[in-house]
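Data block for protein_4.tsv (TSV, C-alpha atoms):
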chain	number	residue	atom	x	y	z
A	1	MET	CA	2.33	23.50	-5.49
A	2	PHE	CA	1.74	25.74	-2.49
A	3	LYS	CA	3.60	28.60	-4.15
A	4	GLU	CA	1.61	28.17	-7.37
A	5	ILE	CA	-1.71	28.19	-5.47
A	6	LEU	CA	-0.77	31.41	-3.67
A	7	HIS	CA	0.42	32.97	-6.93
A	8	ASN	CA	-2.93	32.17	-8.57
A	9	ILE	CA	-4.82	33.68	-5.63
A	10	VAL	CA	-2.85	36.91	-5.88
A	11	LYS	CA	-3.11	37.05	-9.68
A	12	HIS	CA	-6.74	36.03	-10.24
A	13	SER	CA	-8.97	35.91	-7.15
A	14	ARG	CA	-9.13	39.46	-5.78
A	15	ALA	CA	-9.31	37.79	-2.34
A	16	MET	CA	-9.05	39.77	0.87
A	17	ARG	CA	-8.53	36.66	3.04
A	18	VAL	CA	-6.69	33.39	2.58
A	19	ALA	CA	-6.82	30.46	5.02
A	20	ILE	CA	-4.10	27.81	5.04
A	21	ARG	CA	-4.46	24.52	6.88
A	22	ILE	CA	-1.86	21.75	7.09
A	23	GLN	CA	-2.51	18.40	8.75
A	24	THR	CA	-1.43	14.79	8.65
A	25	ASP	CA	-3.55	11.72	9.26
A	26	ALA	CA	-3.73	8.11	8.09
A	27	GLY	CA	-0.31	8.38	6.46
A	28	LYS	CA	-1.25	11.39	4.33
A	29	PHE	CA	-0.25	15.04	4.23
A	30	HIS	CA	-3.19	17.40	3.65
A	31	LEU	CA	-2.88	20.99	2.48
A	32	THR	CA	-6.02	23.11	2.30
A	33	VAL	CA	-5.90	26.64	0.90
A	34	SER	CA	-9.12	28.63	0.69
A	35	ASP	CA	-9.90	32.23	-0.16
A	36	ASN	CA	-12.83	34.64	-0.20
A	37	GLY	CA	-12.11	35.80	-3.73
A	38	CYS	CA	-14.21	35.97	-6.86
A	39	GLY	CA	-14.25	32.20	-7.44
A	40	PHE	CA	-14.93	30.54	-10.77
A	41	GLN	CA	-17.24	27.99	-12.36
A	42	THR	CA	-15.74	24.49	-12.03
A	43	SER	CA	-18.28	22.50	-14.03
A	44	GLY	CA	-17.95	22.59	-17.79
A	45	THR	CA	-14.87	24.77	-17.52
A	46	SER	CA	-11.67	24.11	-19.37
A	47	PHE	CA	-9.11	24.75	-16.66
A	48	GLY	CA	-6.04	26.70	-17.55
A	49	HIS	CA	-2.46	25.50	-17.43
A	50	GLY	CA	-2.15	26.21	-13.68
A	51	VAL	CA	-4.89	23.82	-12.55
A	52	LYS	CA	-3.74	21.12	-14.99
A	53	SER	CA	-0.21	21.47	-13.63
A	54	LEU	CA	-1.43	21.15	-10.03
A	55	ARG	CA	-3.39	17.99	-10.89
A	56	ARG	CA	-0.39	16.46	-12.67
A	57	ARG	CA	2.01	17.26	-9.85
A	58	ALA	CA	-0.32	15.86	-7.19
A	59	ALA	CA	-0.68	12.67	-9.26
A	60	ASP	CA	3.10	12.46	-9.67
A	61	LEU	CA	3.34	12.37	-5.87
A	62	GLY	CA	0.69	9.64	-5.66
A	63	GLY	CA	-1.85	12.10	-4.34
A	64	GLU	CA	-5.02	13.82	-5.34
A	65	ILE	CA	-6.43	17.32	-5.51
A	66	ALA	CA	-9.95	18.63	-5.03
A	67	ILE	CA	-11.04	22.09	-6.12
A	68	THR	CA	-14.32	23.67	-5.07
A	69	SER	CA	-15.33	27.09	-6.26
A	70	GLN	CA	-18.33	29.13	-7.34
A	71	PRO	CA	-18.44	32.60	-8.83
A	72	GLY	CA	-18.63	35.12	-5.99
A	73	GLN	CA	-18.05	32.44	-3.35
A	74	GLY	CA	-14.26	32.01	-3.30
A	75	THR	CA	-12.21	28.87	-3.87
A	76	ALA	CA	-10.89	25.98	-1.78
A	77	ILE	CA	-8.11	23.66	-2.92
A	78	ILE	CA	-7.35	20.49	-0.99
A	79	ILE	CA	-4.25	18.44	-1.77
A	80	ALA	CA	-3.66	15.05	-0.15
A	81	VAL	CA	-0.43	13.13	-0.75
A	82	PRO	CA	1.00	10.07	0.96
A	83	LEU	CA	3.72	10.72	3.49
A	84	ALA	CA	7.07	9.29	2.44
A	85	ARG	CA	8.84	6.78	4.62
A	86	PRO	CA	11.36	8.58	6.79
A	87	ARG	CA	14.85	8.45	5.35
A	88	ARG	CA	17.87	8.06	7.53
A	89	CYS	CA	20.06	11.09	7.73
A	90	TRP	CA	23.58	10.81	6.34
A	91	TRP	CA	25.10	11.40	9.80
A	92	ASN	CA	23.24	8.35	11.16
A	93	LEU	CA	24.55	6.12	8.38
A	94	ALA	CA	28.25	6.78	8.98
A	95	GLY	CA	28.72	4.28	11.79
A	96	ASP	CA	25.84	1.95	10.89
A	97	SER	CA	27.04	-1.02	8.84
A	98	SER	CA	23.54	-2.55	8.63
A	99	GLN	CA	22.52	-0.07	5.93

Represent the supplied structure as structure tokens.
Amino acid sequence: MFKEILHNIVKHSRAMRVAIRIQTDAGKFHLTVSDNGCGFQTSGTSFGHGVKSLRRRAADLGGEIAITSQPGQGTAIIIAVPLARPRRCWWNLAGDSSQ
């Protein structure tokens, strides 16, 4: 999703600056990507394939996505997905018969 967001910024936004923020809290991973590009109208707009794909992929991960944008004001995309339970590494399982 991150790669697709950056691709869309380069292709459509005409942004000169992009800010990327990653954080975790309350068992969730948060990715915020914002730009100072041309923005777009979010209300009453039929989003293209890219935004629909981002929404579907966030939902597939049990997460959600928020998009804020206005023409001439840039865009911010926030993705929040639950953190997965840590998996044991294969090298830790070799001698552990309790698994």

## Note on the structure
Shortest contact to Ser43 of chain A, candidates A:Ala15, A:Thr68, A:Ala84, A:Thr75, atoms counted all atoms listed in the file, goes to A:Thr68

### Task
Would you mind reading off the distance between atom CA of Thr24 of chain A and atom CA of His49 of chain A, one decimal, in Å?
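Spanning atom CA of Thr24 of chain A to atom CA of His49 of chain A is a straight-line distance of 28.2 Å.
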
### Task
Would you mind telling me which residue in A:Leu83, A:Phe29, A:Val10, A:Gly37 lies nearest to Ile65 of chain A when using only C-alpha atoms?
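Looking at the shortest contact to Ile65 of chain A, the residue is A:Phe29.
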
Extending 3 Å beyond the listed atoms of segment 66-70 of chain A on each side, what axis-aligned box results? I want centre and edge lengths in Å to one decimal, as AutoDock Vina command-line options.
--center_x -14.1 --center_y 23.9 --center_z -6.2 --size_x 14.4 --size_y 16.5 --size_z 8.3

### Task
For Gln23 of chain A, list every protein, DNA or RNA residue within 10 Å, evaluated using all atoms listed in the file, and leave out those in the same chain fewer than 5 positions away; present the list as a list in words.
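Contacts, in chain order: Lys28, Phe29, His30, Leu31, Thr32 and Ala80 of chain A.
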
### Query
Which residue gives the smallest distance to Gly48 of chain A among A:His12, A:Ile79, A:Gly74, A:Gly63, with all atoms listed in the file counted?
A:His12

### Message
I'd like the contact shell of Phe40 of chain A - 6 Å cut-off, all atoms listed in the file, skipping same-chain residues fewer than 5 positions apart - returned as a list in words.
### Response
Ser69, Gln70 and Pro71 of chain A

#### Entry: Counting all atoms listed in the file, the option among A:Val81, A:Asn36, A:Arg14, A:His7 closest to Ala59 of chain A
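Of all the options, A:Val81 lies closest to Ala59 of chain A.
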
### Query
Nearest to Arg56 of chain A: which of A:Met1, A:Ile78, A:Val33, A:Ile20 is it, counting only C-alpha atoms?
A:Met1

## Note on the structure
Residue with the minimum atom-to-atom distance to Ala58 of chain A, picked from A:Val18, A:Asn8, A:Phe2, A:Ser13 with only C-alpha atoms counted, is A:Phe2
